[in-house]
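Q: Submitted below is the structure of interest, expressed as structure tokens.
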Amino acid sequence: MIKKVLGMASAVTLTLGLAACGGEEASSGSVGEQLDYEIIGIDPGAGIMNLTINNVLPGYGLDDWEVVEGSGAAMTAALKKAYDREDPIIITGWSPHWKFNSFDLKYLEDPEGLYGEAEDVHTIARLGLKEDHPDAHLLLDQFNWEPEHIENVMNLIQEGAAPDEAASQWVSENEDIVSEWTEGVNEASGEEITLLYVAWDDVIASTNVVASALESVGYEVDLVQVDAGPMWAGVADGSGDAIVGAWLPTTHADYFAEYEGNFEDLGSNLHGTKLGLVVPEYMDIDSIEDLKEE
Ligand code: PBE
């Protein structure tokens, strides 16, 4: 009897010992084991989520991996937490974005090119905006800047400025650029323009800057934050006047196709975006292919 009890006790000790050992193995095992095969994603309506889940994971045979849904803010919070502890983490990342200014990060190579080439960010207007508000339409049509400009605004916000304050600071400090957007635009007298946007940090920055430029010529601008699907639906059904964060031709291809004919594409306002899986420099993987286990 006593012998049996002792036997059980040592069996328990043995089990605990193995479990502890398993834990250690997990933290020094493959990247997949360390991360529980989880990539930190953002909101499910984002094009980068669609691309990662439906093209990239299957394209590289990463069937064990999943992309955790959340938001842009939850993703950067998870990144900061992991980074401060030098823990491994993989996020769905994009440029332009302030995270590359705040942390040492790298894109995992994408040898199959499944995230596509550098894209353009387009301004999309509702049908009829040109007739109803020709001057706002002209300004939106002339809005155009460079990645370094939007990064400046994003960094101001990241350093603590409210988005509208960062935007009006940038607008007042960059009159040479903004005057190209307002060229030929007549002063308005408080007419309302509604811009729809998603809480992606780049789109928060660009939308606030365009709002500030419209306000500088006398418009009253309403900024309405929505999800990606409703943003496209809203500009197509006319409940919003315009959006300035349409990533094309790849990232928002499905939305573009779904609503084509029900909006006016005012063309590119920025060239040179990038999408991918992003990790801290201290991780010793370099390619999406490194996530595949034999
Ligand atoms: N983003 C930022 C968006 C477009 C702008 C890359 C997160 C997306 O994936 O839809």
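The chains in the structure tokens are called A, B, ... from first to last as shown; in each chain the residues are counted from 1, and the ligands are counted from 1 in the order shown.
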As a list of chain:residue names, please: the residues near Ser239 of chain A (cut-off 12 Å, only C-alpha atoms, same-chain neighbours under 2 positions excluded).

A: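 The neighbour list is A:Ala125, A:Arg126, A:Leu127, A:Gly128, A:Leu129, A:Ile193, A:Thr194, A:Leu195, A:Leu196, A:Asp222, A:Val224, A:Val226, A:Pro230, A:Met231, A:Trp232, A:Ala233, A:Gly234, A:Val235, A:Ala236, A:Asp237, A:Asp241, A:Ala242, A:Ile243, A:Phe263.
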
Q: Show me which residues are within 7 Å of ligand 1 counting only C-alpha atoms and all ligand atoms, and format the list as a VMD selection string.

A: chain A and resid 45 to 49 94 200 202 to 203 245 to 247 251 to 252 275

Q: Just want the 12 Å neighbourhood of Gly113 of chain A, counted on only C-alpha atoms, with same-chain residues fewer than 4 positions away dropped. Output as a PyMOL selection string.

A: chain A and resi 51-52+55-56+59-60+108-109+117-118+274-276+287-289

Q: I'd like to know which of A:Glu173, A:Glu220, A:Asp110, A:Asp265 is closest to Leu140 of chain A, using only C-alpha atoms.

A: A:Asp265

Q: Can you tell me which residues surround Ile53 of chain A at a distance of at most 8 Å, considering only C-alpha atoms, apart from same-chain residues fewer than 5 positions away, and format the answer as a VMD selection string?

A: chain A and resid 58 66 to 67

Q: Identify which of the residues A:Gln158, A:Ser30, A:Thr273, A:Thr123 lies closest to Thr76 of chain A, counting only C-alpha atoms when measuring atom-to-atom distances.

A: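 Counting only C-alpha atoms, the residue closest to Thr76 of chain A is A:Gln158.
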
Q: Per DSSP on the backbone, filter segment 73-268 of chain A down to the residues in strand (DSSP E) and report them as number ranges by chain.

A: A: 91-95, 105-107, 120-126, 192-197, 220-225, 242-248, 263-268

Q: If you count only C-alpha atoms, which residues fall within 12 Å of Leu156 of chain A, apart from same-chain ones fewer than 5 positions away, as number ranges by chain?

A: A: 97-98, 101-102, 149-151, 161-170, 201-202, 205

Q: Write out as JSON, numbers by chain the residues lying within 12 Å of Glu191 of chain A, counting only C-alpha atoms and excluding same-chain residues fewer than 5 positions away.

A: {"A": [132, 133, 134, 135, 136, 214, 215, 217, 218, 219, 220, 221, 222]}
